[in-house]
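Data file: input_39.cif. Format and content: mmCIF, C-alpha atoms.
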data_protein
loop_
_atom_site.group_PDB
_atom_site.id
_atom_site.type_symbol
_atom_site.label_atom_id
_atom_site.label_comp_id
_atom_site.auth_asym_id
_atom_site.auth_seq_id
_atom_site.Cartn_x
_atom_site.Cartn_y
_atom_site.Cartn_z
ATOM 1 C CA MET Z 253 2.653 14.608 -9.620
ATOM 2 C CA LEU Z 254 1.179 13.637 -6.241
ATOM 3 C CA THR Z 255 -1.336 16.483 -6.412
ATOM 4 C CA ASP Z 256 -2.440 15.409 -9.878
ATOM 5 C CA LEU Z 257 -2.708 11.738 -8.909
ATOM 6 C CA THR Z 258 -4.786 12.546 -5.842
ATOM 7 C CA ALA Z 259 -7.065 14.897 -7.789
ATOM 8 C CA GLY Z 260 -7.585 12.221 -10.432
ATOM 9 C CA ALA Z 261 -8.396 9.591 -7.819
ATOM 10 C CA LEU Z 262 -10.937 11.898 -6.209
ATOM 11 C CA GLN Z 263 -12.561 12.613 -9.567
ATOM 12 C CA ASP Z 264 -12.796 8.910 -10.333
ATOM 13 C CA ALA Z 265 -14.365 8.308 -6.912
ATOM 14 C CA ALA Z 266 -16.879 11.080 -7.609
ATOM 15 C CA ASP Z 267 -17.765 9.395 -10.901
ATOM 16 C CA ARG Z 268 -18.314 6.063 -9.136
ATOM 17 C CA ARG Z 269 -20.476 7.802 -6.537
ATOM 18 C CA THR Z 270 -22.981 8.678 -9.259
ATOM 19 C CA HIS Z 271 -23.642 4.938 -9.618
ATOM 20 C CA LEU Z 272 -23.113 3.836 -6.006
ATOM 21 C CA SER Z 273 -23.976 6.335 -3.285
ATOM 22 C CA LEU Z 274 -22.064 6.813 -0.046
ATOM 23 C CA VAL Z 275 -24.964 5.185 1.820
ATOM 24 C CA GLN Z 276 -24.818 2.156 -0.475
ATOM 25 C CA VAL Z 277 -21.041 1.731 -0.328
ATOM 26 C CA GLU Z 278 -21.087 2.165 3.456
ATOM 27 C CA ALA Z 279 -23.702 -0.577 3.728
ATOM 28 C CA ALA Z 280 -21.601 -2.850 1.516
ATOM 29 C CA ALA Z 281 -18.547 -2.168 3.681
ATOM 30 C CA LEU Z 282 -20.374 -2.984 6.884
ATOM 31 C CA ALA Z 283 -21.765 -6.205 5.368
ATOM 32 C CA ARG Z 284 -18.277 -7.578 4.725
ATOM 33 C CA PRO Z 285 -16.797 -10.231 7.037
ATOM 34 C CA PRO Z 286 -14.296 -8.768 9.534
ATOM 35 C CA ALA Z 287 -10.991 -7.628 8.091
ATOM 36 C CA ILE Z 288 -7.879 -9.752 8.603
ATOM 37 C CA ASP Z 289 -5.587 -8.322 11.298
ATOM 38 C CA ALA Z 290 -2.648 -7.004 9.302
ATOM 39 C CA LEU Z 291 -0.686 -6.073 12.425
ATOM 40 C CA VAL Z 292 -0.576 -9.758 13.351
ATOM 41 C CA ALA Z 293 0.310 -10.846 9.817
ATOM 42 C CA LEU Z 294 3.101 -8.258 9.517
ATOM 43 C CA ALA Z 295 4.415 -8.411 13.084
ATOM 44 C CA PRO Z 296 8.232 -8.412 13.265
ATOM 45 C CA THR Z 297 10.010 -11.760 13.279
ATOM 46 C CA GLU Z 298 13.561 -12.979 12.808
ATOM 47 C CA ARG Z 299 13.024 -12.871 9.045
ATOM 48 C CA VAL Z 300 11.952 -9.995 6.865
ATOM 49 C CA LYS Z 301 8.364 -10.027 5.590
ATOM 50 C CA ILE Z 302 7.190 -9.023 2.117
ATOM 51 C CA ILE Z 303 4.111 -7.168 0.921
ATOM 52 C CA ALA Z 304 3.888 -8.289 -2.710
ATOM 53 C CA GLU Z 305 2.226 -5.915 -5.148
ATOM 54 C CA VAL Z 306 -0.053 -6.398 -8.131
ATOM 55 C CA LYS Z 307 1.140 -3.533 -10.319
ATOM 56 C CA ARG Z 308 0.521 -3.142 -14.042
ATOM 57 C CA SER Z 309 2.193 0.209 -14.695
ATOM 58 C CA SER Z 310 3.522 3.371 -13.102
ATOM 59 C CA PRO Z 311 3.888 7.040 -14.061
ATOM 60 C CA SER Z 312 7.685 6.744 -14.030
ATOM 61 C CA ARG Z 313 8.063 3.480 -15.997
ATOM 62 C CA GLY Z 314 4.887 3.134 -18.035
ATOM 63 C CA GLN Z 315 3.524 -0.381 -18.546
ATOM 64 C CA LEU Z 316 5.319 -3.037 -16.501
ATOM 65 C CA ALA Z 317 3.122 -6.092 -17.083
ATOM 66 C CA LYS Z 318 -0.316 -6.791 -18.544
ATOM 67 C CA ILE Z 319 -1.497 -8.971 -15.600
ATOM 68 C CA ALA Z 320 -4.618 -10.381 -17.205
ATOM 69 C CA ASP Z 321 -5.330 -12.434 -14.074
ATOM 70 C CA PRO Z 322 -4.479 -10.503 -10.882
ATOM 71 C CA ALA Z 323 -6.001 -13.259 -8.731
ATOM 72 C CA ALA Z 324 -3.615 -15.862 -10.146
ATOM 73 C CA LEU Z 325 -0.649 -13.556 -9.598
ATOM 74 C CA ALA Z 326 -1.706 -12.910 -6.014
ATOM 75 C CA ALA Z 327 -2.089 -16.639 -5.427
ATOM 76 C CA SER Z 328 1.476 -17.148 -6.644
ATOM 77 C CA TYR Z 329 2.631 -14.460 -4.210
ATOM 78 C CA GLN Z 330 0.950 -16.350 -1.386
ATOM 79 C CA THR Z 331 2.647 -19.571 -2.516
ATOM 80 C CA GLY Z 332 5.987 -17.760 -2.601
ATOM 81 C CA GLY Z 333 5.692 -16.672 1.020
ATOM 82 C CA ALA Z 334 4.353 -13.128 0.928
ATOM 83 C CA SER Z 335 2.756 -11.905 4.166
ATOM 84 C CA ALA Z 336 0.295 -9.522 2.472
ATOM 85 C CA ILE Z 337 -0.792 -8.504 -1.013
ATOM 86 C CA SER Z 338 -0.888 -4.912 -2.269
ATOM 87 C CA VAL Z 339 -3.234 -4.091 -5.137
ATOM 88 C CA LEU Z 340 -2.984 -0.857 -7.108
ATOM 89 C CA THR Z 341 -6.550 0.308 -7.689
ATOM 90 C CA GLU Z 342 -5.714 3.646 -9.352
ATOM 91 C CA GLY Z 343 -6.696 3.436 -13.004
ATOM 92 C CA ARG Z 344 -5.281 6.471 -14.774
ATOM 93 C CA LYS Z 345 -1.549 5.940 -14.295
ATOM 94 C CA PHE Z 346 -1.303 2.515 -12.665
ATOM 95 C CA GLY Z 347 -3.905 0.583 -14.684
ATOM 96 C CA GLY Z 348 -5.622 -0.855 -11.618
ATOM 97 C CA SER Z 349 -9.201 -1.104 -10.396
ATOM 98 C CA LEU Z 350 -11.358 -2.104 -7.458
ATOM 99 C CA ALA Z 351 -12.291 -5.185 -9.508
ATOM 100 C CA ASP Z 352 -8.637 -6.258 -9.242
ATOM 101 C CA LEU Z 353 -8.843 -5.903 -5.475
ATOM 102 C CA GLU Z 354 -12.042 -7.930 -5.285
ATOM 103 C CA ALA Z 355 -10.526 -10.689 -7.419
ATOM 104 C CA VAL Z 356 -7.407 -10.842 -5.276
ATOM 105 C CA ARG Z 357 -9.431 -10.861 -2.073
ATOM 106 C CA ALA Z 358 -11.333 -13.911 -3.305
ATOM 107 C CA ALA Z 359 -8.123 -15.742 -4.238
ATOM 108 C CA VAL Z 360 -5.922 -15.391 -1.132
ATOM 109 C CA SER Z 361 -6.147 -15.724 2.643
ATOM 110 C CA LEU Z 362 -3.558 -13.006 3.310
ATOM 111 C CA PRO Z 363 -4.322 -9.383 4.239
ATOM 112 C CA VAL Z 364 -4.932 -7.261 1.144
ATOM 113 C CA LEU Z 365 -3.874 -3.620 0.845
ATOM 114 C CA ARG Z 366 -5.763 -1.096 -1.240
ATOM 115 C CA LYS Z 367 -2.963 1.036 -2.671
ATOM 116 C CA ASP Z 368 -4.431 4.219 -4.091
ATOM 117 C CA PHE Z 369 -4.540 7.940 -3.475
ATOM 118 C CA ILE Z 370 -7.068 7.955 -0.649
ATOM 119 C CA ALA Z 371 -8.279 11.399 0.382
ATOM 120 C CA GLU Z 372 -11.932 11.070 1.429
ATOM 121 C CA PRO Z 373 -14.146 8.698 3.437
ATOM 122 C CA TYR Z 374 -15.962 7.349 0.370
ATOM 123 C CA GLN Z 375 -12.719 5.715 -0.810
ATOM 124 C CA VAL Z 376 -12.184 4.099 2.602
ATOM 125 C CA PHE Z 377 -15.669 2.580 2.557
ATOM 126 C CA GLU Z 378 -15.002 1.402 -1.017
ATOM 127 C CA ALA Z 379 -11.840 -0.322 0.166
ATOM 128 C CA ARG Z 380 -13.644 -2.293 2.869
ATOM 129 C CA ALA Z 381 -16.564 -3.069 0.538
ATOM 130 C CA ALA Z 382 -14.085 -4.562 -1.947
ATOM 131 C CA GLY Z 383 -12.459 -6.660 0.772
ATOM 132 C CA ALA Z 384 -9.398 -4.613 1.734
ATOM 133 C CA ASP Z 385 -7.802 -5.210 5.113
ATOM 134 C CA ILE Z 386 -5.233 -2.417 4.797
ATOM 135 C CA VAL Z 387 -5.630 1.082 3.335
ATOM 136 C CA LEU Z 388 -2.764 3.302 2.219
ATOM 137 C CA LEU Z 389 -2.776 6.838 3.612
ATOM 138 C CA ILE Z 390 -0.075 9.105 2.154
ATOM 139 C CA VAL Z 391 0.865 11.828 4.624
ATOM 140 C CA ALA Z 392 2.145 14.133 1.886
ATOM 141 C CA ALA Z 393 -1.256 14.125 0.184
ATOM 142 C CA LEU Z 394 -3.317 14.990 3.274
ATOM 143 C CA ASP Z 395 -3.583 17.801 5.788
ATOM 144 C CA GLN Z 396 -3.398 16.635 9.390
ATOM 145 C CA THR Z 397 -7.120 16.981 10.074
ATOM 146 C CA THR Z 398 -7.969 14.803 7.074
ATOM 147 C CA LEU Z 399 -5.238 12.318 7.967
ATOM 148 C CA VAL Z 400 -6.647 11.913 11.473
ATOM 149 C CA ARG Z 401 -10.212 11.565 10.192
ATOM 150 C CA LEU Z 402 -9.316 8.920 7.599
ATOM 151 C CA HIS Z 403 -7.066 7.006 9.982
ATOM 152 C CA ASP Z 404 -9.870 6.911 12.543
ATOM 153 C CA LEU Z 405 -12.351 5.677 9.927
ATOM 154 C CA VAL Z 406 -9.995 2.938 8.721
ATOM 155 C CA THR Z 407 -9.608 1.780 12.317
ATOM 156 C CA GLN Z 408 -13.335 1.946 13.046
ATOM 157 C CA LEU Z 409 -13.984 -0.333 10.071
ATOM 158 C CA GLY Z 410 -11.569 -2.893 11.518
ATOM 159 C CA MET Z 411 -8.859 -2.303 8.930
ATOM 160 C CA THR Z 412 -5.252 -1.176 9.340
ATOM 161 C CA ALA Z 413 -3.807 1.992 7.820
ATOM 162 C CA LEU Z 414 -0.391 1.845 6.190
ATOM 163 C CA VAL Z 415 0.667 5.439 6.790
ATOM 164 C CA GLU Z 416 3.269 6.391 4.201
ATOM 165 C CA THR Z 417 5.954 9.011 4.850
ATOM 166 C CA HIS Z 418 8.809 10.599 2.927
ATOM 167 C CA SER Z 419 10.527 12.822 5.519
ATOM 168 C CA ALA Z 420 11.156 13.304 9.237
ATOM 169 C CA GLU Z 421 8.344 15.852 9.419
ATOM 170 C CA GLU Z 422 5.876 13.452 7.787
ATOM 171 C CA LEU Z 423 7.029 10.652 10.080
ATOM 172 C CA THR Z 424 6.274 12.840 13.099
ATOM 173 C CA ARG Z 425 2.794 13.489 11.743
ATOM 174 C CA ALA Z 426 2.230 9.745 11.266
ATOM 175 C CA LEU Z 427 3.348 8.911 14.784
ATOM 176 C CA ASP Z 428 1.248 11.731 16.230
ATOM 177 C CA ILE Z 429 -1.939 10.024 15.028
ATOM 178 C CA GLY Z 430 -0.934 6.705 16.558
ATOM 179 C CA ALA Z 431 -0.077 4.895 13.331
ATOM 180 C CA ALA Z 432 0.960 1.305 14.058
ATOM 181 C CA LEU Z 433 2.061 0.459 10.498
ATOM 182 C CA VAL Z 434 4.376 3.111 9.055
ATOM 183 C CA GLY Z 435 5.963 3.109 5.622
ATOM 184 C CA VAL Z 436 8.925 5.095 4.368
ATOM 185 C CA ASN Z 437 8.797 5.429 0.593
ATOM 186 C CA ALA Z 438 12.110 5.874 -1.198
ATOM 187 C CA ARG Z 439 10.252 7.434 -4.123
ATOM 188 C CA ASN Z 440 9.551 11.137 -3.887
ATOM 189 C CA LEU Z 441 5.947 11.334 -5.111
ATOM 190 C CA SER Z 442 6.405 14.905 -6.293
ATOM 191 C CA THR Z 443 9.475 14.273 -8.478
ATOM 192 C CA PHE Z 444 9.445 10.436 -8.610
ATOM 193 C CA GLU Z 445 13.177 10.384 -7.818
ATOM 194 C CA LEU Z 446 14.470 7.529 -5.617
ATOM 195 C CA ASP Z 447 16.573 7.621 -2.457
ATOM 196 C CA GLN Z 448 17.149 4.093 -1.146
ATOM 197 C CA ASN Z 449 18.917 5.464 1.956
ATOM 198 C CA LEU Z 450 15.910 7.488 3.097
ATOM 199 C CA PHE Z 451 14.491 4.566 5.073
ATOM 200 C CA GLY Z 452 17.717 4.081 7.003
ATOM 201 C CA SER Z 453 17.906 7.770 7.855
ATOM 202 C CA LEU Z 454 14.436 7.667 9.427
ATOM 203 C CA ALA Z 455 14.170 4.149 10.854
ATOM 204 C CA ASP Z 456 15.606 5.021 14.261
ATOM 205 C CA ARG Z 457 12.847 7.608 14.705
ATOM 206 C CA ILE Z 458 10.174 4.901 14.521
ATOM 207 C CA PRO Z 459 9.559 3.614 18.064
ATOM 208 C CA SER Z 460 9.428 -0.001 19.158
ATOM 209 C CA GLY Z 461 5.950 -1.410 18.694
ATOM 210 C CA VAL Z 462 5.412 0.318 15.349
ATOM 211 C CA ILE Z 463 5.903 -1.919 12.312
ATOM 212 C CA ARG Z 464 8.451 -0.404 9.900
ATOM 213 C CA VAL Z 465 7.817 -0.835 6.186
ATOM 214 C CA ALA Z 466 10.368 0.055 3.492
ATOM 215 C CA GLU Z 467 8.816 0.928 0.139
ATOM 216 C CA SER Z 468 10.206 1.296 -3.412
ATOM 217 C CA ALA Z 469 13.662 0.922 -5.002
ATOM 218 C CA VAL Z 470 13.682 -2.885 -4.712
ATOM 219 C CA LYS Z 471 15.079 -4.722 -7.727
ATOM 220 C CA SER Z 472 17.066 -7.543 -6.128
ATOM 221 C CA ALA Z 473 17.592 -9.563 -2.968
ATOM 222 C CA ALA Z 474 20.479 -7.213 -2.185
ATOM 223 C CA ASP Z 475 18.008 -4.326 -1.995
ATOM 224 C CA VAL Z 476 15.828 -6.277 0.436
ATOM 225 C CA ALA Z 477 18.944 -7.028 2.494
ATOM 226 C CA HIS Z 478 19.823 -3.323 2.461
ATOM 227 C CA TYR Z 479 16.443 -2.413 3.937
ATOM 228 C CA ARG Z 480 16.530 -5.274 6.442
ATOM 229 C CA LYS Z 481 19.958 -4.182 7.689
ATOM 230 C CA ALA Z 482 18.581 -0.644 8.059
ATOM 231 C CA GLY Z 483 15.793 -1.927 10.323
ATOM 232 C CA ALA Z 484 12.860 -2.791 8.066
ATOM 233 C CA ASP Z 485 10.372 -5.304 9.446
ATOM 234 C CA VAL Z 486 8.542 -5.444 6.118
ATOM 235 C CA VAL Z 487 9.514 -4.573 2.537
ATOM 236 C CA LEU Z 488 6.894 -3.688 -0.065
ATOM 237 C CA VAL Z 489 7.887 -5.006 -3.501
ATOM 238 C CA GLY Z 490 6.085 -4.310 -6.753
ATOM 239 C CA GLU Z 491 7.996 -3.856 -9.984
ATOM 240 C CA ALA Z 492 10.558 -6.625 -9.419
ATOM 241 C CA LEU Z 493 7.835 -9.213 -8.918
ATOM 242 C CA VAL Z 494 5.904 -8.402 -12.090
ATOM 243 C CA THR Z 495 8.953 -8.030 -14.359
ATOM 244 C CA ASN Z 496 11.296 -10.842 -13.247
ATOM 245 C CA GLY Z 497 9.274 -13.603 -14.897
ATOM 246 C CA ASP Z 498 9.023 -15.932 -11.892
ATOM 247 C CA PRO Z 499 7.361 -14.224 -8.907
ATOM 248 C CA ILE Z 500 7.523 -17.306 -6.683
ATOM 249 C CA LEU Z 501 11.264 -17.767 -7.177
ATOM 250 C CA THR Z 502 11.859 -14.032 -6.793
ATOM 251 C CA LEU Z 503 9.939 -13.958 -3.518
ATOM 252 C CA GLU Z 504 11.815 -16.968 -2.194
ATOM 253 C CA GLU Z 505 15.126 -15.252 -3.013
ATOM 254 C CA PHE Z 506 14.010 -12.042 -1.329
ATOM 255 C CA LEU Z 507 12.798 -13.840 1.787
ATOM 256 C CA ALA Z 508 16.073 -15.740 2.118
ATOM 257 C CA VAL Z 509 18.137 -12.635 2.884
#
Show me this structure written as structure tokens.
Amino acid sequence: MLTDLTAGALQDAADRRTHLSLVQVEAAALARPPAIDALVALAPTERVKIIAEVKRSSPSRGQLAKIADPAALAASYQTGGASAISVLTEGRKFGGSLADLEAVRAAVSLPVLRKDFIAEPYQVFEARAAGADIVLLIVAALDQTTLVRLHDLVTQLGMTALVETHSAEELTRALDIGAALVGVNARNLSTFELDQNLFGSLADRIPSGVIRVAESAVKSAADVAHYRKAGADVVLVGEALVTNGDPILTLEEFLAV
């Protein structure tokens, strides 16, 4: 599944490149105002922080919500106390787009994450051009040379990489490149099975000074509490916020754990 998703994202990027060249998208990226410092926004505190996600659908669950106005949803997340906004920009399976990211960027003052299957520099420049402050890099999808190169580019553009891992070996690779924002995803992106205890089994391996993000398998405040007890500084929440009917109330409940 991960291989297919990454290949599809690369093909879609290649299609966009026929209309907007690398030189053009790089110029647009460099013309953007400086990115918001996500490491400051997500720095550990006495309370858990939430990255709230704009997510229409997923390969495992199909359509979750229509989300006709992603900007309005993101604004409600900000009102509810989110510390950052994640926007799915993958179109084939998640129903997202860079236009969603641009709309969200214009609507909120929080850091915005481009959540996609990033595997080449063009996509990183696209992220900054659209207003992203954070870019997802999935260790499982990238060889180490590519991971280093993309992480360096994200940093050079003033953004922060959320480096996502799914195992001890991937966590080592993330730490080896100096990642300061590290996610542990409970969802296996090859099988899409969930293991909510994976974060807790790896959290102690993440050194002090690195922000620890728990991803996936969050349906209730109890799940947020589970991750917080296991050592999460930040929890990324998507499905629960778009399906519970009241994202502001849901966020307030999650942040109260």
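In this comparison, which uses only C-alpha atoms, the residue of Z:Ala281, Z:Ile302, Z:Ile370, Z:Ala381 approaching Ala259 (chain Z) most closely is Z:Ile370.
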Which residues would end up in the selection if the PyMOL selection byres ((chain Z and resi 317) around 9) were applied here, given that I need the answer as a CSV table (one decimal) with C-alpha atoms, keeping the file's coordinate frame?
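Once written, out07.csv looks like this:
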chain,number,residue,atom,x,y,z
Z,307,LYS,CA,1.1,-3.5,-10.3
Z,308,ARG,CA,0.5,-3.1,-14.0
Z,309,SER,CA,2.2,0.2,-14.7
Z,315,GLN,CA,3.5,-0.4,-18.5
Z,316,LEU,CA,5.3,-3.0,-16.5
Z,318,LYS,CA,-0.3,-6.8,-18.5
Z,319,ILE,CA,-1.5,-9.0,-15.6
Z,320,ALA,CA,-4.6,-10.4,-17.2
Z,491,GLU,CA,8.0,-3.9,-10.0
Z,494,VAL,CA,5.9,-8.4,-12.1
Z,495,THR,CA,9.0,-8.0,-14.4
Atomic separation - CA of Arg269 (chain Z) relative to CA of Thr255 (chain Z), Å: 21.0 Å
Hits of the PyMOL selection byres ((chain Z and resi 410) around 8) in this structure, as a list in words: Pro286, Ala287, Asp385, Val406, Thr407, Gln408, Leu409, Met411 and Thr412 of chain Z
Residue nearest Lys301 (chain Z) among Z:Val509, Z:Ala327, Z:Leu427, Z:Leu353 (counting only C-alpha atoms): Z:Val509
Resolved residues for the PyMOL selection byres ((chain Z and resi 506) around 10) as an MDAnalysis selection string: chainID Z and resid 300:302 332:334 470:477 487 489 500:505 507:509
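Across the model, the gap from CA of Asp256 (chain Z) to CA of Gln396 (chain Z) is 19.3 Å.
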Two-atom distance - CA of Ser468 (chain Z), CA of Ala431 (chain Z) (Å): 20.0 Å
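Of the listed residues (Z:Leu394, Z:Leu441, Z:Leu254, Z:Ala265), Z:Leu394 comes nearest to Arg425 (chain Z); the distances count all atoms listed in the file.
When the distance limit is 10 Å and only C-alpha atoms are what count, the residues near Leu325 (chain Z), minus those fewer than 3 positions from it on the same chain, are Ala304, Glu305, Val306, Ile319, Ala320, Asp321, Pro322, Ser328, Tyr329, Gln330, Thr331, Ile337, Val356, Ala359, Leu493, Val494, Pro499 and Ile500 of chain Z.
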Z:Leu272, Z:Leu282, Z:Ala492, Z:Leu257 ranked by distance to Ala371 (chain Z), top pick (using only C-alpha atoms): Z:Leu257
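Using all atoms listed in the file, the smallest distance between any of Z:Val462, Z:Arg439, Z:Ile288, Z:Gln448 and Ala426 (chain Z) comes from Z:Val462.
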Pick from Z:Ala261, Z:Ala482, Z:Val400, Z:Ala466, whichever lies nearest to Ile429 (chain Z) using all atoms listed in the file: Z:Val400
For region 381-403 of chain Z, where the input has fewer atoms than it should, I would like N, CA, C and O atoms rebuilt and written as a PDB file, keeping the file's coordinate frame.
ATOM      1  N   ALA Z 381     -15.533  -2.390   1.316  1.00  0.00           N
ATOM      2  CA  ALA Z 381     -16.564  -3.069   0.538  1.00  0.00           C
ATOM      3  C   ALA Z 381     -15.956  -4.040  -0.465  1.00  0.00           C
ATOM      4  O   ALA Z 381     -16.540  -5.078  -0.772  1.00  0.00           O
ATOM      5  N   ALA Z 382     -14.764  -3.700  -0.978  1.00  0.00           N
ATOM      6  CA  ALA Z 382     -14.085  -4.562  -1.947  1.00  0.00           C
ATOM      7  C   ALA Z 382     -13.263  -5.652  -1.275  1.00  0.00           C
ATOM      8  O   ALA Z 382     -12.707  -6.516  -1.958  1.00  0.00           O
ATOM      9  N   GLY Z 383     -13.164  -5.610   0.058  1.00  0.00           N
ATOM     10  CA  GLY Z 383     -12.459  -6.660   0.772  1.00  0.00           C
ATOM     11  C   GLY Z 383     -11.085  -6.293   1.288  1.00  0.00           C
ATOM     12  O   GLY Z 383     -10.349  -7.169   1.754  1.00  0.00           O
ATOM     13  N   ALA Z 384     -10.721  -5.015   1.245  1.00  0.00           N
ATOM     14  CA  ALA Z 384      -9.398  -4.613   1.734  1.00  0.00           C
ATOM     15  C   ALA Z 384      -9.303  -4.767   3.247  1.00  0.00           C
ATOM     16  O   ALA Z 384     -10.267  -4.540   3.977  1.00  0.00           O
ATOM     17  N   ASP Z 385      -8.112  -5.130   3.689  1.00  0.00           N
ATOM     18  CA  ASP Z 385      -7.802  -5.210   5.113  1.00  0.00           C
ATOM     19  C   ASP Z 385      -6.881  -4.066   5.539  1.00  0.00           C
ATOM     20  O   ASP Z 385      -6.791  -3.735   6.724  1.00  0.00           O
ATOM     21  N   ILE Z 386      -6.184  -3.505   4.574  1.00  0.00           N
ATOM     22  CA  ILE Z 386      -5.233  -2.417   4.797  1.00  0.00           C
ATOM     23  C   ILE Z 386      -5.538  -1.310   3.792  1.00  0.00           C
ATOM     24  O   ILE Z 386      -5.876  -1.599   2.630  1.00  0.00           O
ATOM     25  N   VAL Z 387      -5.409  -0.066   4.224  1.00  0.00           N
ATOM     26  CA  VAL Z 387      -5.630   1.082   3.335  1.00  0.00           C
ATOM     27  C   VAL Z 387      -4.410   1.993   3.407  1.00  0.00           C
ATOM     28  O   VAL Z 387      -3.940   2.332   4.504  1.00  0.00           O
ATOM     29  N   LEU Z 388      -3.899   2.386   2.258  1.00  0.00           N
ATOM     30  CA  LEU Z 388      -2.764   3.302   2.219  1.00  0.00           C
ATOM     31  C   LEU Z 388      -3.230   4.737   2.462  1.00  0.00           C
ATOM     32  O   LEU Z 388      -4.166   5.215   1.807  1.00  0.00           O
ATOM     33  N   LEU Z 389      -2.575   5.412   3.396  1.00  0.00           N
ATOM     34  CA  LEU Z 389      -2.776   6.838   3.612  1.00  0.00           C
ATOM     35  C   LEU Z 389      -1.426   7.524   3.435  1.00  0.00           C
ATOM     36  O   LEU Z 389      -0.477   7.229   4.167  1.00  0.00           O
ATOM     37  N   ILE Z 390      -1.333   8.424   2.467  1.00  0.00           N
ATOM     38  CA  ILE Z 390      -0.075   9.105   2.154  1.00  0.00           C
ATOM     39  C   ILE Z 390      -0.062  10.455   2.858  1.00  0.00           C
ATOM     40  O   ILE Z 390      -0.852  11.342   2.531  1.00  0.00           O
ATOM     41  N   VAL Z 391       0.838  10.600   3.822  1.00  0.00           N
ATOM     42  CA  VAL Z 391       0.865  11.828   4.624  1.00  0.00           C
ATOM     43  C   VAL Z 391       1.024  13.062   3.746  1.00  0.00           C
ATOM     44  O   VAL Z 391       0.371  14.089   3.970  1.00  0.00           O
ATOM     45  N   ALA Z 392       1.864  12.977   2.734  1.00  0.00           N
ATOM     46  CA  ALA Z 392       2.145  14.133   1.886  1.00  0.00           C
ATOM     47  C   ALA Z 392       0.928  14.629   1.126  1.00  0.00           C
ATOM     48  O   ALA Z 392       0.881  15.784   0.695  1.00  0.00           O
ATOM     49  N   ALA Z 393      -0.066  13.761   0.963  1.00  0.00           N
ATOM     50  CA  ALA Z 393      -1.256  14.125   0.184  1.00  0.00           C
ATOM     51  C   ALA Z 393      -2.379  14.693   1.038  1.00  0.00           C
ATOM     52  O   ALA Z 393      -3.389  15.148   0.491  1.00  0.00           O
ATOM     53  N   LEU Z 394      -2.210  14.668   2.375  1.00  0.00           N
ATOM     54  CA  LEU Z 394      -3.317  14.990   3.274  1.00  0.00           C
ATOM     55  C   LEU Z 394      -2.922  16.007   4.318  1.00  0.00           C
ATOM     56  O   LEU Z 394      -1.816  15.941   4.879  1.00  0.00           O
ATOM     57  N   ASP Z 395      -3.821  16.946   4.626  1.00  0.00           N
ATOM     58  CA  ASP Z 395      -3.583  17.801   5.788  1.00  0.00           C
ATOM     59  C   ASP Z 395      -3.825  16.965   7.040  1.00  0.00           C
ATOM     60  O   ASP Z 395      -4.420  15.883   6.984  1.00  0.00           O
ATOM     61  N   GLN Z 396      -3.365  17.458   8.190  1.00  0.00           N
ATOM     62  CA  GLN Z 396      -3.398  16.635   9.390  1.00  0.00           C
ATOM     63  C   GLN Z 396      -4.819  16.304   9.846  1.00  0.00           C
ATOM     64  O   GLN Z 396      -5.081  15.192  10.307  1.00  0.00           O
ATOM     65  N   THR Z 397      -5.733  17.243   9.687  1.00  0.00           N
ATOM     66  CA  THR Z 397      -7.120  16.981  10.074  1.00  0.00           C
ATOM     67  C   THR Z 397      -7.713  15.840   9.252  1.00  0.00           C
ATOM     68  O   THR Z 397      -8.369  14.943   9.789  1.00  0.00           O
ATOM     69  N   THR Z 398      -7.466  15.866   7.949  1.00  0.00           N
ATOM     70  CA  THR Z 398      -7.969  14.803   7.074  1.00  0.00           C
ATOM     71  C   THR Z 398      -7.278  13.486   7.374  1.00  0.00           C
ATOM     72  O   THR Z 398      -7.913  12.421   7.393  1.00  0.00           O
ATOM     73  N   LEU Z 399      -5.983  13.530   7.635  1.00  0.00           N
ATOM     74  CA  LEU Z 399      -5.238  12.318   7.967  1.00  0.00           C
ATOM     75  C   LEU Z 399      -5.811  11.655   9.216  1.00  0.00           C
ATOM     76  O   LEU Z 399      -6.029  10.440   9.244  1.00  0.00           O
ATOM     77  N   VAL Z 400      -6.069  12.443  10.232  1.00  0.00           N
ATOM     78  CA  VAL Z 400      -6.647  11.913  11.473  1.00  0.00           C
ATOM     79  C   VAL Z 400      -8.021  11.305  11.199  1.00  0.00           C
ATOM     80  O   VAL Z 400      -8.342  10.192  11.653  1.00  0.00           O
ATOM     81  N   ARG Z 401      -8.840  12.028  10.451  1.00  0.00           N
ATOM     82  CA  ARG Z 401     -10.212  11.565  10.192  1.00  0.00           C
ATOM     83  C   ARG Z 401     -10.218  10.250   9.410  1.00  0.00           C
ATOM     84  O   ARG Z 401     -10.970   9.329   9.734  1.00  0.00           O
ATOM     85  N   LEU Z 402      -9.354  10.145   8.393  1.00  0.00           N
ATOM     86  CA  LEU Z 402      -9.316   8.920   7.599  1.00  0.00           C
ATOM     87  C   LEU Z 402      -8.704   7.767   8.385  1.00  0.00           C
ATOM     88  O   LEU Z 402      -9.175   6.624   8.296  1.00  0.00           O
ATOM     89  N   HIS Z 403      -7.683   8.045   9.164  1.00  0.00           N
ATOM     90  CA  HIS Z 403      -7.066   7.006   9.982  1.00  0.00           C
ATOM     91  C   HIS Z 403      -8.077   6.457  10.985  1.00  0.00           C
ATOM     92  O   HIS Z 403      -8.177   5.239  11.204  1.00  0.00           O
TER      93      HIS Z 403
END
